[in-house]
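Student: Pasting a structure here, questions to come.
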Amino acid sequence: MHIAGAEATLPVGRKVKVEIPEQAADPLDKTQKQLIVLIIFFCVCVYFVGAFKIPLMEIDAAQYANISRGMLSNHHYLEVTDRGRDYLDKPPMLFWLSALSMRVWGVNEAAYRLPSALFALLAIYSTYQFALLFYQQEIALLSALVIAGCQALLLITHDVRTDTMLMGWVMLSIWQLAKWLLRGQWGSFFVAAFAIAGGMMTKGPIALMVPVFAFLPHFLLQRSFTRLFRWEYLLLLLIVLLLLVPMDIGLYRQFDLHPEKIVNGQTGVSGLRFYYWTQSFGRITGASPWRENGHFLFLAWNMLWSFLPWVIFFGIGLTIEAFRLIKNRFRIPGDQEWISAGGFIVTYCALASSRYQLPQYIFVAFPLAAVITGKFLFKLWYTDEFLKWRKPLDVAHSVLFLLLFVTLIGLLYRPFPSIGRWPVAGAILCLAILAGLLLGRATPLPKLLLASMFTIIAINLFLDAAFYPALLNYQTGIAVSRVINQRGLPKDRFFLLKMDEDNSLDFYTEASFSQLNALEGVRQGDYILAPERECESANIAEFTVVYRAESFHVSMLSLRFLNPATRSQVVLPYCVLQRI
């Protein structure tokens with residue numbers, strides 16, 4: 001059945017109406033659509049609670065923020081350094097934009113996170129607009145809601161990595177390329193080229209490859225072979241290459257012109273080769289020396305938490321897409337898309353083939369997963385195609401959400417008494433509201449949709465406002481930087497002794513601290529940050545203890561750490577000494 005008013009212009013100029021096989025008998029009215037937009041707004045509010053409330057977490061977020069701070073202070077925008085040392089790991093876009101933000105808003109965690117939060121909004125908007133090219137507005141809104149409310153986006157808007165910004169660049173390029181192919185608008189073509197270049201300056205060639213992975217299976221399944229070979233693609237690559245020139249100049253000057261530099265234990269390292277080959281394709285071919293989490297299902301297992309609360313819906317939706325493709329003998333009509341499903345599958349397979357994987361690598365494909373999920377949610381709740389599936393899915397998700405809330409209450413109540421009892425009471429109240437929502441009758445939107453969003457928003461709000469701030473008191477740099485700043489300790493006379501370098505300490509004090517090998521030779525009035533065993537070995541007549549606390553690698557949570565009774569087994573006691 002056709003949807004009135006939903007049209008797409010094919011490159012040959014012929015207009016066709018986009019066809020949705022199952023027309024909704026009771027589509028969303030204006031008020032319901034506005035409610036979905038309001039829920040997305042609540043998700044955005046949680047992003048900014050995390051941006052302003054939570055200190056920077058080690059390792060990556062604190063390191064990238066410190067690199068951005070250093071770039072702002074030394075004005076070396078083409079050559080990236082970390083604590084004065086050459087840095088060859090990530091391209092400069094995140095550092096450029098974060099340094100610019102700090103120049104305007106000051107050196108603080110919110111200024112560092114702001115550009116990435118804006119790119120998260122760009123990813124949501126681009127997902128909506130992409131879906132709107134092929135589907136009716138209800139599906140586009142549901143797709144935007146899925147990406148806005150997935151755990152990954154709620155996490156990486158405060159624990160900011162390059163993946164936050166990459167997601168926005170890549171989805172913008174896919175949307176604009178699809179718009180150009182459908183409507184022939186050259187403005188979209190140039191925006192897509194700009195977005196691809198921006199993504200490559202954020203995390204390398206993956207920003208180019210994901211659009212390729214998305215459109216290649218789409219063209220092949222449509223048997224639209226002429227679209228595979230168009231002269232405009234060469235123009236797009238030329239524009240991208242021209243936009244990459246500033247980054248290339250910086251890489252060449254910093255590394256290729258200095259083969260004597262030691263980078264990752266090697267000399268003769270080419271910065272250009274590293275970014276365009278070793279860092280991405282080299283992880284598949286073996287050219288990269290890094291090895292970690294190299295099995296094919298690693299990213300899928302991590303999606304079980306990172307794509308909450310939608311992961312079950314997504315798995316069903318993707319399976320249905322695959323079976324329908326098989327049923328249609330691997331062909332799709334010219335007015336339908338397989339950009340989202342094909343793009344996700346091929347991107348996943350490429351990333352899962354790497355010998356070095358981290359959970360956030362698959363986040364770049366989550367906007368495509370959101371479109372797949374949005375299509376299934378529409379069919380589940382607004383058609384009769386999956387009527388029998390509603391009850392089992394309601395029951396499964398009700399159990400899941402109740403378990404998540406129970407876990408949240410445990411995290412707020414047990415590990416850190418400093419959290420207090422009001423957050424615990426608030427979480428219990430939210431659990432009661434969730435139970436009432438699930439057991440109630442009439443709701444303006446499907447109960448499971450409201451329960452999903454209520455759960456994910458409430459849990460992250462409590463984590464951001466209460467749990468993470470308490471947890472990060474165990475991050476050495478956070479606690480010690482407060483001591484230095486509040487007591488006005490002289491930064492030029494503060495040293496580290498047998499302590500790991502801490503990016504958050506440097507960032508929050510806007511300084512860098514030297515490492516010492518022993519207490520001998522420390523001058524009168526100097527301050528030393530050291531493990532407690534070193535403090536105990538110090539001559540008590542020569543030193544006084546200024547501050548004492550415990551540290552833990554907060555991104556590696558364990559049950560022994562969360563349990564106050566066993567925490568002493570896994571923490572590192574440390575102290576700040578002053579030579580008297």
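Every chain in the structure tokens has a letter given in the order shown (A, B, ...), and although residue numbers restart at 1 in each chain, ligands are simply numbered from 1 in the order shown.
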Mind checking which residues fall within 8 Å of Ala427 of chain A, counting only C-alpha atoms, ignoring those fewer than 5 positions away in the same chain, and posting them as a PyMOL selection string?

Tutor: chain A and resi 405+408-409+458+462

Student: Would you export the selected residues with N, CA, C and O atoms as an mmCIF file, in the first residue's frame, please?

Tutor:
data_model
loop_
_atom_site.group_PDB
_atom_site.id
_atom_site.type_symbol
_atom_site.label_atom_id
_atom_site.label_comp_id
_atom_site.auth_asym_id
_atom_site.auth_seq_id
_atom_site.Cartn_x
_atom_site.Cartn_y
_atom_site.Cartn_z
ATOM 1 N N PHE A 405 16.907 -1.603 36.918
ATOM 2 C CA PHE A 405 16.628 -0.686 38.014
ATOM 3 C C PHE A 405 17.114 -1.244 39.350
ATOM 4 O O PHE A 405 17.626 -0.497 40.198
ATOM 5 N N LEU A 408 20.725 -0.613 39.431
ATOM 6 C CA LEU A 408 20.975 0.800 39.696
ATOM 7 C C LEU A 408 20.836 1.113 41.188
ATOM 8 O O LEU A 408 21.705 1.788 41.771
ATOM 9 N N ILE A 409 19.766 0.629 41.797
ATOM 10 C CA ILE A 409 19.552 0.883 43.222
ATOM 11 C C ILE A 409 20.713 0.317 44.044
ATOM 12 O O ILE A 409 21.199 0.954 44.997
ATOM 13 N N ALA A 458 16.232 7.501 32.896
ATOM 14 C CA ALA A 458 16.329 7.567 34.356
ATOM 15 C C ALA A 458 17.630 6.958 34.860
ATOM 16 O O ALA A 458 18.318 7.541 35.715
ATOM 17 N N PHE A 462 20.644 9.099 36.873
ATOM 18 C CA PHE A 462 21.171 8.785 38.206
ATOM 19 C C PHE A 462 22.658 8.454 38.155
ATOM 20 O O PHE A 462 23.418 8.846 39.059
#

Student: Skip segment 573-575 of chain A itself and residues of its chain fewer than 4 positions away, then list as a compact mmCIF listing (two decimals) with all heavy atoms, in the first residue's frame all residues within 10 Å of it, counting only C-alpha atoms.

Tutor:
# COMPACT_ATOMS: atom_id res chain seq x y z
N THR A 476 42.95 9.13 40.69
CA THR A 476 43.98 9.90 41.37
C THR A 476 44.02 11.35 40.91
O THR A 476 44.07 12.28 41.73
CB THR A 476 45.36 9.25 41.12
OG1 THR A 476 45.30 7.88 41.46
CG2 THR A 476 46.43 9.95 41.95
N VAL A 480 43.63 14.56 43.51
CA VAL A 480 44.85 15.32 43.78
C VAL A 480 44.77 16.72 43.17
O VAL A 480 45.26 17.69 43.76
CB VAL A 480 46.08 14.55 43.27
CG1 VAL A 480 47.35 15.37 43.44
CG2 VAL A 480 46.21 13.22 44.02
N MET A 499 54.47 6.94 40.25
CA MET A 499 53.04 6.99 39.96
C MET A 499 52.86 7.09 38.46
O MET A 499 53.62 7.79 37.77
CB MET A 499 52.38 8.18 40.64
CG MET A 499 52.36 8.12 42.15
SD MET A 499 51.18 6.92 42.81
CE MET A 499 49.62 7.69 42.42
N ILE A 528 55.37 15.79 46.93
CA ILE A 528 55.56 14.52 46.22
C ILE A 528 54.26 13.72 46.27
O ILE A 528 53.68 13.52 47.35
CB ILE A 528 56.68 13.68 46.86
CG1 ILE A 528 57.95 14.49 47.03
CG2 ILE A 528 56.94 12.43 46.01
CD1 ILE A 528 58.56 14.97 45.73
N LEU A 529 53.79 13.27 45.10
CA LEU A 529 52.68 12.33 45.01
C LEU A 529 53.27 10.94 44.82
O LEU A 529 54.00 10.70 43.85
CB LEU A 529 51.76 12.68 43.83
CG LEU A 529 50.65 11.67 43.49
CD1 LEU A 529 49.68 11.52 44.66
CD2 LEU A 529 49.92 12.08 42.23
N ALA A 530 52.98 10.03 45.75
CA ALA A 530 53.65 8.73 45.73
C ALA A 530 52.73 7.66 46.30
O ALA A 530 51.80 7.94 47.07
CB ALA A 530 54.94 8.79 46.55
N PRO A 531 52.98 6.38 45.93
CA PRO A 531 52.25 5.29 46.58
C PRO A 531 52.53 5.27 48.08
O PRO A 531 53.57 5.74 48.54
CB PRO A 531 52.82 4.04 45.89
CG PRO A 531 53.42 4.53 44.62
CD PRO A 531 53.92 5.90 44.90
N GLU A 532 51.59 4.73 48.83
CA GLU A 532 51.71 4.75 50.29
C GLU A 532 52.95 4.02 50.78
O GLU A 532 53.57 4.42 51.77
CB GLU A 532 50.47 4.14 50.92
CG GLU A 532 50.40 4.32 52.44
CD GLU A 532 49.11 3.82 53.02
OE1 GLU A 532 48.95 2.59 53.14
OE2 GLU A 532 48.23 4.66 53.31
N ARG A 533 53.38 2.98 50.07
CA ARG A 533 54.58 2.25 50.50
C ARG A 533 55.80 3.15 50.47
O ARG A 533 56.73 3.00 51.29
CB ARG A 533 54.79 1.01 49.62
CG ARG A 533 54.98 1.30 48.15
CD ARG A 533 55.18 0.03 47.33
NE ARG A 533 55.36 0.31 45.92
CZ ARG A 533 54.37 0.45 45.05
NH1 ARG A 533 53.09 0.32 45.48
NH2 ARG A 533 54.62 0.71 43.78
N GLU A 534 55.84 4.09 49.52
CA GLU A 534 56.95 5.03 49.45
C GLU A 534 56.83 6.06 50.58
O GLU A 534 57.83 6.49 51.14
CB GLU A 534 56.96 5.75 48.10
CG GLU A 534 57.14 4.83 46.91
CD GLU A 534 58.50 4.15 46.91
OE1 GLU A 534 59.47 4.75 47.44
OE2 GLU A 534 58.60 3.03 46.38
N CYS A 535 55.58 6.41 50.91
CA CYS A 535 55.37 7.37 52.00
C CYS A 535 55.83 6.76 53.33
O CYS A 535 56.41 7.45 54.18
CB CYS A 535 53.91 7.77 52.09
SG CYS A 535 53.25 8.51 50.57
N GLU A 536 55.55 5.46 53.51
CA GLU A 536 55.92 4.80 54.75
C GLU A 536 57.42 4.65 54.89
O GLU A 536 57.95 4.62 56.01
CB GLU A 536 55.24 3.43 54.83
CG GLU A 536 53.72 3.51 54.96
CD GLU A 536 53.06 2.16 54.87
OE1 GLU A 536 53.74 1.18 54.49
OE2 GLU A 536 51.85 2.06 55.19
N VAL A 545 52.72 14.34 55.86
CA VAL A 545 51.68 13.87 54.96
C VAL A 545 50.63 14.97 54.80
O VAL A 545 50.00 15.38 55.78
CB VAL A 545 51.03 12.57 55.47
CG1 VAL A 545 49.88 12.16 54.54
CG2 VAL A 545 52.05 11.46 55.58
N VAL A 546 50.45 15.44 53.58
CA VAL A 546 49.49 16.49 53.27
C VAL A 546 48.12 15.92 52.95
O VAL A 546 47.08 16.48 53.32
CB VAL A 546 50.00 17.36 52.10
CG1 VAL A 546 48.95 18.40 51.69
CG2 VAL A 546 51.30 18.01 52.44
N TYR A 547 48.10 14.76 52.29
CA TYR A 547 46.84 14.19 51.83
C TYR A 547 47.04 12.69 51.64
O TYR A 547 48.12 12.24 51.22
CB TYR A 547 46.40 14.85 50.52
CG TYR A 547 45.12 14.30 49.92
CD1 TYR A 547 43.88 14.65 50.46
CD2 TYR A 547 45.15 13.46 48.82
CE1 TYR A 547 42.71 14.16 49.91
CE2 TYR A 547 43.97 12.96 48.26
CZ TYR A 547 42.76 13.31 48.81
OH TYR A 547 41.60 12.83 48.28
N ARG A 548 46.01 11.94 51.94
CA ARG A 548 46.09 10.48 51.81
C ARG A 548 44.76 9.97 51.25
O ARG A 548 43.69 10.40 51.70
CB ARG A 548 46.38 9.83 53.15
CG ARG A 548 46.73 8.35 53.09
CD ARG A 548 46.81 7.76 54.48
NE ARG A 548 47.77 8.44 55.32
CZ ARG A 548 49.06 8.11 55.43
NH1 ARG A 548 49.52 7.09 54.73
NH2 ARG A 548 49.85 8.78 56.24
N ALA A 549 44.81 9.06 50.27
CA ALA A 549 43.58 8.53 49.68
C ALA A 549 43.90 7.21 48.97
O ALA A 549 45.02 6.69 49.08
CB ALA A 549 42.96 9.53 48.71
N GLU A 550 42.91 6.69 48.23
CA GLU A 550 43.05 5.43 47.50
C GLU A 550 42.65 5.66 46.05
O GLU A 550 41.75 6.45 45.75
CB GLU A 550 42.18 4.35 48.11
CG GLU A 550 42.55 3.99 49.54
CD GLU A 550 41.55 3.04 50.18
OE1 GLU A 550 40.36 3.10 49.81
OE2 GLU A 550 41.97 2.25 51.04
N SER A 551 43.31 4.94 45.15
CA SER A 551 43.00 5.09 43.73
C SER A 551 42.64 3.74 43.12
O SER A 551 43.01 2.68 43.64
CB SER A 551 44.20 5.69 42.97
OG SER A 551 45.27 4.76 42.91
N PHE A 552 41.91 3.84 41.99
CA PHE A 552 41.50 2.63 41.28
C PHE A 552 41.28 3.02 39.82
O PHE A 552 40.88 4.15 39.52
CB PHE A 552 40.21 2.06 41.86
CG PHE A 552 39.73 0.80 41.22
CD1 PHE A 552 40.33 -0.41 41.52
CD2 PHE A 552 38.69 0.80 40.30
CE1 PHE A 552 39.90 -1.59 40.92
CE2 PHE A 552 38.26 -0.36 39.70
CZ PHE A 552 38.87 -1.56 40.01
N SER A 568 39.65 -2.83 49.66
CA SER A 568 41.06 -2.64 50.02
C SER A 568 41.98 -3.61 49.29
O SER A 568 43.19 -3.37 49.20
CB SER A 568 41.23 -2.80 51.53
OG SER A 568 40.82 -4.09 51.95

Student: Applying 7 Å and only C-alpha atoms, which residues near Arg579 of chain A remain after dropping the ones on its own chain fewer than 5 positions away? List them as a list in words.

Tutor: Arg523, Gln524, Gly525, Asp526, Tyr527, Glu542, Phe543 and Thr544 of chain A

Student: Skipping near chain neighbours, those fewer than 5 positions away, what residues fall within 12 Å of Gln34 of chain A using only C-alpha atoms, listed as a PyMOL selection string?

Tutor: chain A and resi 28-29+39-41+137-138+141-142+145+444-445

Student: Counting only C-alpha atoms, which residues of segment 446-519 of chain A fall within 12 Å of segment 63-77 of chain A, and what is the closest atom pair for each with its distance in Å at one decimal, ordered by chain and rising number, as a tab-separated table?

Tutor:
residue	atom	partner	partner_atom	distance
A:Gly477	CA	A:Gln63	CA	11.6
A:Glu501	CA	A:Gln63	CA	10.3
A:Asp502	CA	A:Gln63	CA	8.4
A:Asn503	CA	A:Gln63	CA	5.2
A:Ser504	CA	A:Asn66	CA	7.3
A:Leu505	CA	A:Asn66	CA	9.3
A:Asp506	CA	A:Asn66	CA	6.9
A:Phe507	CA	A:Asn66	CA	5.2
A:Tyr508	CA	A:Asn66	CA	8.9
A:Thr509	CA	A:Asn66	CA	10.5
A:Glu510	CA	A:Arg69	CA	7.9
A:Ala511	CA	A:Gly70	CA	9.4
A:Ser512	CA	A:Gly70	CA	9.9

Student: Can you list, as a list in words, every residue of segment 38-245 of chain A that DSSP puts in strand (DSSP E or B)?

Tutor: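 Going through segment 38-245 of chain A, the strand (DSSP E or B) residues come out as Thr81, Asp82, Arg85 and Asp86 of chain A.
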
Student: Write the selection just made, keeping all heavy atoms, as a JSON list (two decimals), in the first residue's frame?

Tutor:
[["chain", "number", "residue", "atom", "x", "y", "z"],
["A", 81, "THR", "N", 50.85, 16.80, 19.87],
["A", 81, "THR", "CA", 51.77, 16.31, 20.90],
["A", 81, "THR", "C", 50.98, 15.98, 22.16],
["A", 81, "THR", "O", 49.91, 16.52, 22.42],
["A", 81, "THR", "CB", 52.84, 17.36, 21.24],
["A", 81, "THR", "OG1", 52.20, 18.57, 21.68],
["A", 81, "THR", "CG2", 53.70, 17.67, 20.02],
["A", 82, "ASP", "N", 51.54, 15.09, 22.95],
["A", 82, "ASP", "CA", 50.95, 14.67, 24.22],
["A", 82, "ASP", "C", 52.02, 14.81, 25.29],
["A", 82, "ASP", "O", 53.02, 14.09, 25.29],
["A", 82, "ASP", "CB", 50.47, 13.22, 24.12],
["A", 82, "ASP", "CG", 49.83, 12.72, 25.42],
["A", 82, "ASP", "OD1", 49.52, 13.56, 26.28],
["A", 82, "ASP", "OD2", 49.64, 11.51, 25.55],
["A", 85, "ARG", "N", 55.43, 15.24, 23.94],
["A", 85, "ARG", "CA", 55.96, 14.16, 23.10],
["A", 85, "ARG", "C", 55.11, 14.02, 21.84],
["A", 85, "ARG", "O", 53.90, 14.28, 21.86],
["A", 85, "ARG", "CB", 55.96, 12.84, 23.88],
["A", 85, "ARG", "CG", 56.84, 12.85, 25.12],
["A", 85, "ARG", "CD", 56.91, 11.47, 25.75],
["A", 85, "ARG", "NE", 55.65, 11.08, 26.31],
["A", 85, "ARG", "CZ", 55.30, 11.26, 27.58],
["A", 85, "ARG", "NH1", 56.13, 11.88, 28.41],
["A", 85, "ARG", "NH2", 54.14, 10.85, 28.03],
["A", 86, "ASP", "N", 55.74, 13.59, 20.76],
["A", 86, "ASP", "CA", 55.01, 13.39, 19.50],
["A", 86, "ASP", "C", 53.91, 12.36, 19.70],
["A", 86, "ASP", "O", 54.13, 11.30, 20.32],
["A", 86, "ASP", "CB", 55.97, 12.91, 18.41],
["A", 86, "ASP", "CG", 56.95, 13.99, 17.99],
["A", 86, "ASP", "OD1", 56.50, 15.09, 17.65],
["A", 86, "ASP", "OD2", 58.17, 13.73, 18.02]]

Student: Which residues, written as number ranges by chain, have at least one atom at most 12 Å from Ile433 of chain A, with only C-alpha atoms counted and residues fewer than 5 positions away on the same chain left out?

Tutor: A: 401-402, 405, 426-428, 438-440, 450-451, 454-455, 458

Student: Segment 240-253 of chain A: which residues within 9 Å, counting only C-alpha atoms, same-chain residues fewer than 2 positions away excluded, as a list in words?

Tutor: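 That gives Tyr77, Leu78, Glu79, Val80, Leu88, Pro91, Pro92, Met93, Ala193, Phe194, Ala195, Ile196, Ala197, Gly198, Met200, Met201, Leu235, Leu236, Leu237, Leu238, Phe255, Asp256, Leu257, His258, Ser270, Gly271, Leu272 and Tyr275 of chain A.
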
Student: Write the residues you've just listed into a file as a PDB file, in the first residue's frame, and include N, CA and C atoms for each of them.

Tutor:
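The resulting result37.pdb:
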ATOM      1  N   TYR A  77      48.962  23.605  15.922  1.00  0.00           N
ATOM      2  CA  TYR A  77      47.703  23.002  15.493  1.00  0.00           C
ATOM      3  C   TYR A  77      47.881  21.930  14.418  1.00  0.00           C
ATOM      4  N   LEU A  78      48.987  21.940  13.719  1.00  0.00           N
ATOM      5  CA  LEU A  78      49.210  20.933  12.683  1.00  0.00           C
ATOM      6  C   LEU A  78      50.014  19.744  13.195  1.00  0.00           C
ATOM      7  N   GLU A  79      50.699  19.918  14.309  1.00  0.00           N
ATOM      8  CA  GLU A  79      51.496  18.849  14.882  1.00  0.00           C
ATOM      9  C   GLU A  79      50.929  18.514  16.265  1.00  0.00           C
ATOM     10  N   VAL A  80      50.485  17.276  16.433  1.00  0.00           N
ATOM     11  CA  VAL A  80      49.826  16.865  17.672  1.00  0.00           C
ATOM     12  C   VAL A  80      50.866  16.298  18.632  1.00  0.00           C
ATOM     13  N   LEU A  88      51.130   9.998  17.770  1.00  0.00           N
ATOM     14  CA  LEU A  88      50.702   9.406  16.503  1.00  0.00           C
ATOM     15  C   LEU A  88      49.716   8.285  16.819  1.00  0.00           C
ATOM     16  N   PRO A  91      43.835  11.235  14.443  1.00  0.00           N
ATOM     17  CA  PRO A  91      43.915  12.472  13.653  1.00  0.00           C
ATOM     18  C   PRO A  91      43.520  13.688  14.499  1.00  0.00           C
ATOM     19  N   PRO A  92      43.693  14.904  13.963  1.00  0.00           N
ATOM     20  CA  PRO A  92      43.609  16.093  14.822  1.00  0.00           C
ATOM     21  C   PRO A  92      42.226  16.717  14.986  1.00  0.00           C
ATOM     22  N   MET A  93      41.188  16.272  14.277  1.00  0.00           N
ATOM     23  CA  MET A  93      39.925  17.006  14.281  1.00  0.00           C
ATOM     24  C   MET A  93      39.350  17.181  15.691  1.00  0.00           C
ATOM     25  N   ALA A 193      31.084  15.329   0.638  1.00  0.00           N
ATOM     26  CA  ALA A 193      32.544  15.317   0.525  1.00  0.00           C
ATOM     27  C   ALA A 193      33.184  15.964   1.750  1.00  0.00           C
ATOM     28  N   PHE A 194      32.614  17.084   2.186  1.00  0.00           N
ATOM     29  CA  PHE A 194      33.131  17.777   3.371  1.00  0.00           C
ATOM     30  C   PHE A 194      33.005  16.890   4.607  1.00  0.00           C
ATOM     31  N   ALA A 195      31.869  16.184   4.732  1.00  0.00           N
ATOM     32  CA  ALA A 195      31.659  15.318   5.889  1.00  0.00           C
ATOM     33  C   ALA A 195      32.622  14.133   5.886  1.00  0.00           C
ATOM     34  N   ILE A 196      32.871  13.560   4.733  1.00  0.00           N
ATOM     35  CA  ILE A 196      33.828  12.446   4.650  1.00  0.00           C
ATOM     36  C   ILE A 196      35.217  12.905   5.058  1.00  0.00           C
ATOM     37  N   ALA A 197      35.635  14.067   4.549  1.00  0.00           N
ATOM     38  CA  ALA A 197      36.935  14.600   4.935  1.00  0.00           C
ATOM     39  C   ALA A 197      37.001  14.882   6.428  1.00  0.00           C
ATOM     40  N   GLY A 198      35.921  15.467   6.971  1.00  0.00           N
ATOM     41  CA  GLY A 198      35.891  15.723   8.407  1.00  0.00           C
ATOM     42  C   GLY A 198      35.997  14.441   9.210  1.00  0.00           C
ATOM     43  N   MET A 200      37.433  11.630   8.202  1.00  0.00           N
ATOM     44  CA  MET A 200      38.780  11.085   8.055  1.00  0.00           C
ATOM     45  C   MET A 200      39.775  11.835   8.927  1.00  0.00           C
ATOM     46  N   MET A 201      39.540  13.127   9.139  1.00  0.00           N
ATOM     47  CA  MET A 201      40.403  13.891  10.040  1.00  0.00           C
ATOM     48  C   MET A 201      40.030  13.665  11.497  1.00  0.00           C
ATOM     49  N   LEU A 235      35.498  13.193  -8.570  1.00  0.00           N
ATOM     50  CA  LEU A 235      35.448  14.570  -8.077  1.00  0.00           C
ATOM     51  C   LEU A 235      35.311  14.582  -6.558  1.00  0.00           C
ATOM     52  N   LEU A 236      34.477  13.707  -6.024  1.00  0.00           N
ATOM     53  CA  LEU A 236      34.306  13.633  -4.573  1.00  0.00           C
ATOM     54  C   LEU A 236      35.629  13.292  -3.898  1.00  0.00           C
ATOM     55  N   LEU A 237      36.348  12.304  -4.420  1.00  0.00           N
ATOM     56  CA  LEU A 237      37.642  11.928  -3.842  1.00  0.00           C
ATOM     57  C   LEU A 237      38.637  13.070  -3.928  1.00  0.00           C
ATOM     58  N   LEU A 238      38.611  13.807  -5.050  1.00  0.00           N
ATOM     59  CA  LEU A 238      39.523  14.938  -5.210  1.00  0.00           C
ATOM     60  C   LEU A 238      39.239  16.009  -4.153  1.00  0.00           C
ATOM     61  N   PHE A 255      56.523  13.801  11.146  1.00  0.00           N
ATOM     62  CA  PHE A 255      57.052  12.447  11.158  1.00  0.00           C
ATOM     63  C   PHE A 255      57.869  12.101   9.912  1.00  0.00           C
ATOM     64  N   ASP A 256      57.295  12.272   8.727  1.00  0.00           N
ATOM     65  CA  ASP A 256      57.998  11.833   7.515  1.00  0.00           C
ATOM     66  C   ASP A 256      59.306  12.580   7.296  1.00  0.00           C
ATOM     67  N   LEU A 257      59.361  13.844   7.700  1.00  0.00           N
ATOM     68  CA  LEU A 257      60.603  14.621   7.565  1.00  0.00           C
ATOM     69  C   LEU A 257      61.624  14.279   8.649  1.00  0.00           C
ATOM     70  N   HIS A 258      61.207  13.479   9.642  1.00  0.00           N
ATOM     71  CA  HIS A 258      62.105  13.149  10.759  1.00  0.00           C
ATOM     72  C   HIS A 258      62.112  11.640  10.991  1.00  0.00           C
ATOM     73  N   SER A 270      56.396   6.594   9.033  1.00  0.00           N
ATOM     74  CA  SER A 270      55.719   7.585   8.198  1.00  0.00           C
ATOM     75  C   SER A 270      54.353   7.893   8.794  1.00  0.00           C
ATOM     76  N   GLY A 271      54.120   9.158   9.125  1.00  0.00           N
ATOM     77  CA  GLY A 271      52.823   9.544   9.646  1.00  0.00           C
ATOM     78  C   GLY A 271      51.721   9.342   8.631  1.00  0.00           C
ATOM     79  N   LEU A 272      52.014   9.621   7.359  1.00  0.00           N
ATOM     80  CA  LEU A 272      51.010   9.469   6.306  1.00  0.00           C
ATOM     81  C   LEU A 272      50.633   8.002   6.126  1.00  0.00           C
ATOM     82  N   TYR A 275      48.392   6.730   9.127  1.00  0.00           N
ATOM     83  CA  TYR A 275      46.988   7.108   9.145  1.00  0.00           C
ATOM     84  C   TYR A 275      46.193   6.483   8.016  1.00  0.00           C
TER      85      TYR A 275
END

Student: Measuring between only C-alpha atoms, which one of A:Leu308, A:Ile339, A:Leu216, A:Leu429 shows the shortest distance to Leu400 of chain A?

Tutor: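 Closest to Leu400 of chain A, using only C-alpha atoms: A:Leu308.
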
Student: When you count only C-alpha atoms, which of these residues is closest to Lys447 of chain A: A:Phe366, A:Trp169, A:Tyr112, A:Trp381?

Tutor: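 Once distances to Lys447 of chain A are computed over only C-alpha atoms, the minimum belongs to A:Trp381.
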
Student: Could you go through segment 246-364 of chain A and tell me which residues DSSP, when run on the backbone, assigns to alpha helix (DSSP H), listing them as an NGL selection string?

Tutor: :A and (246-251 or 271-273 or 282-285 or 298-306 or 311-327 or 339-352)

Student: Selected residues, C-alpha atoms, written as a CSV table (one decimal), in the first residue's frame, please.

Tutor:
chain,number,residue,atom,x,y,z
A,246,PRO,CA,46.3,20.5,6.3
A,247,MET,CA,46.4,17.3,8.2
A,248,ASP,CA,48.8,15.7,5.6
A,249,ILE,CA,51.1,18.7,5.9
A,250,GLY,CA,51.2,18.3,9.7
A,251,LEU,CA,51.9,14.6,9.5
A,271,GLY,CA,52.8,9.5,9.6
A,272,LEU,CA,51.0,9.5,6.3
A,273,ARG,CA,51.3,5.7,5.9
A,282,GLY,CA,46.9,-2.8,8.9
A,283,ARG,CA,44.8,-4.2,11.7
A,284,ILE,CA,43.2,-6.6,9.3
A,285,THR,CA,46.3,-7.5,7.3
A,298,PHE,CA,33.5,-9.3,20.2
A,299,LEU,CA,31.6,-6.3,18.9
A,300,ALA,CA,28.3,-8.2,18.9
A,301,TRP,CA,28.7,-9.2,22.6
A,302,ASN,CA,29.3,-5.6,23.5
A,303,MET,CA,26.2,-4.5,21.6
A,304,LEU,CA,24.2,-6.3,24.2
A,305,TRP,CA,24.9,-3.4,26.6
A,306,SER,CA,25.8,-0.5,24.2
A,311,VAL,CA,19.2,-4.5,21.1
A,312,ILE,CA,16.5,-7.2,21.0
A,313,PHE,CA,14.4,-5.2,18.6
A,314,PHE,CA,17.4,-4.6,16.4
A,315,GLY,CA,18.4,-8.2,16.3
A,316,ILE,CA,14.9,-9.2,15.2
A,317,GLY,CA,14.7,-6.3,12.6
A,318,LEU,CA,18.0,-7.2,11.1
A,319,THR,CA,17.1,-10.9,10.9
A,320,ILE,CA,13.8,-10.0,9.1
A,321,GLU,CA,15.7,-7.8,6.6
A,322,ALA,CA,18.0,-10.7,5.8
A,323,PHE,CA,15.3,-13.3,5.4
A,324,ARG,CA,13.3,-11.0,3.1
A,325,LEU,CA,16.3,-10.3,1.0
A,326,ILE,CA,16.8,-14.1,0.6
A,327,LYS,CA,13.1,-14.6,-0.2
A,339,ILE,CA,21.8,1.2,2.6
A,340,SER,CA,21.0,0.8,6.3
A,341,ALA,CA,21.0,-3.0,6.6
A,342,GLY,CA,23.8,-3.6,4.1
A,343,GLY,CA,25.9,-0.8,5.6
A,344,PHE,CA,25.6,-2.2,9.0
A,345,ILE,CA,26.4,-5.8,8.0
A,346,VAL,CA,29.4,-5.0,5.9
A,347,THR,CA,30.8,-2.4,8.4
A,348,TYR,CA,30.4,-4.9,11.2
A,349,CYS,CA,32.2,-7.7,9.2
A,350,ALA,CA,35.0,-5.3,8.3
A,351,LEU,CA,35.5,-4.1,11.9
A,352,ALA,CA,35.1,-7.6,13.3
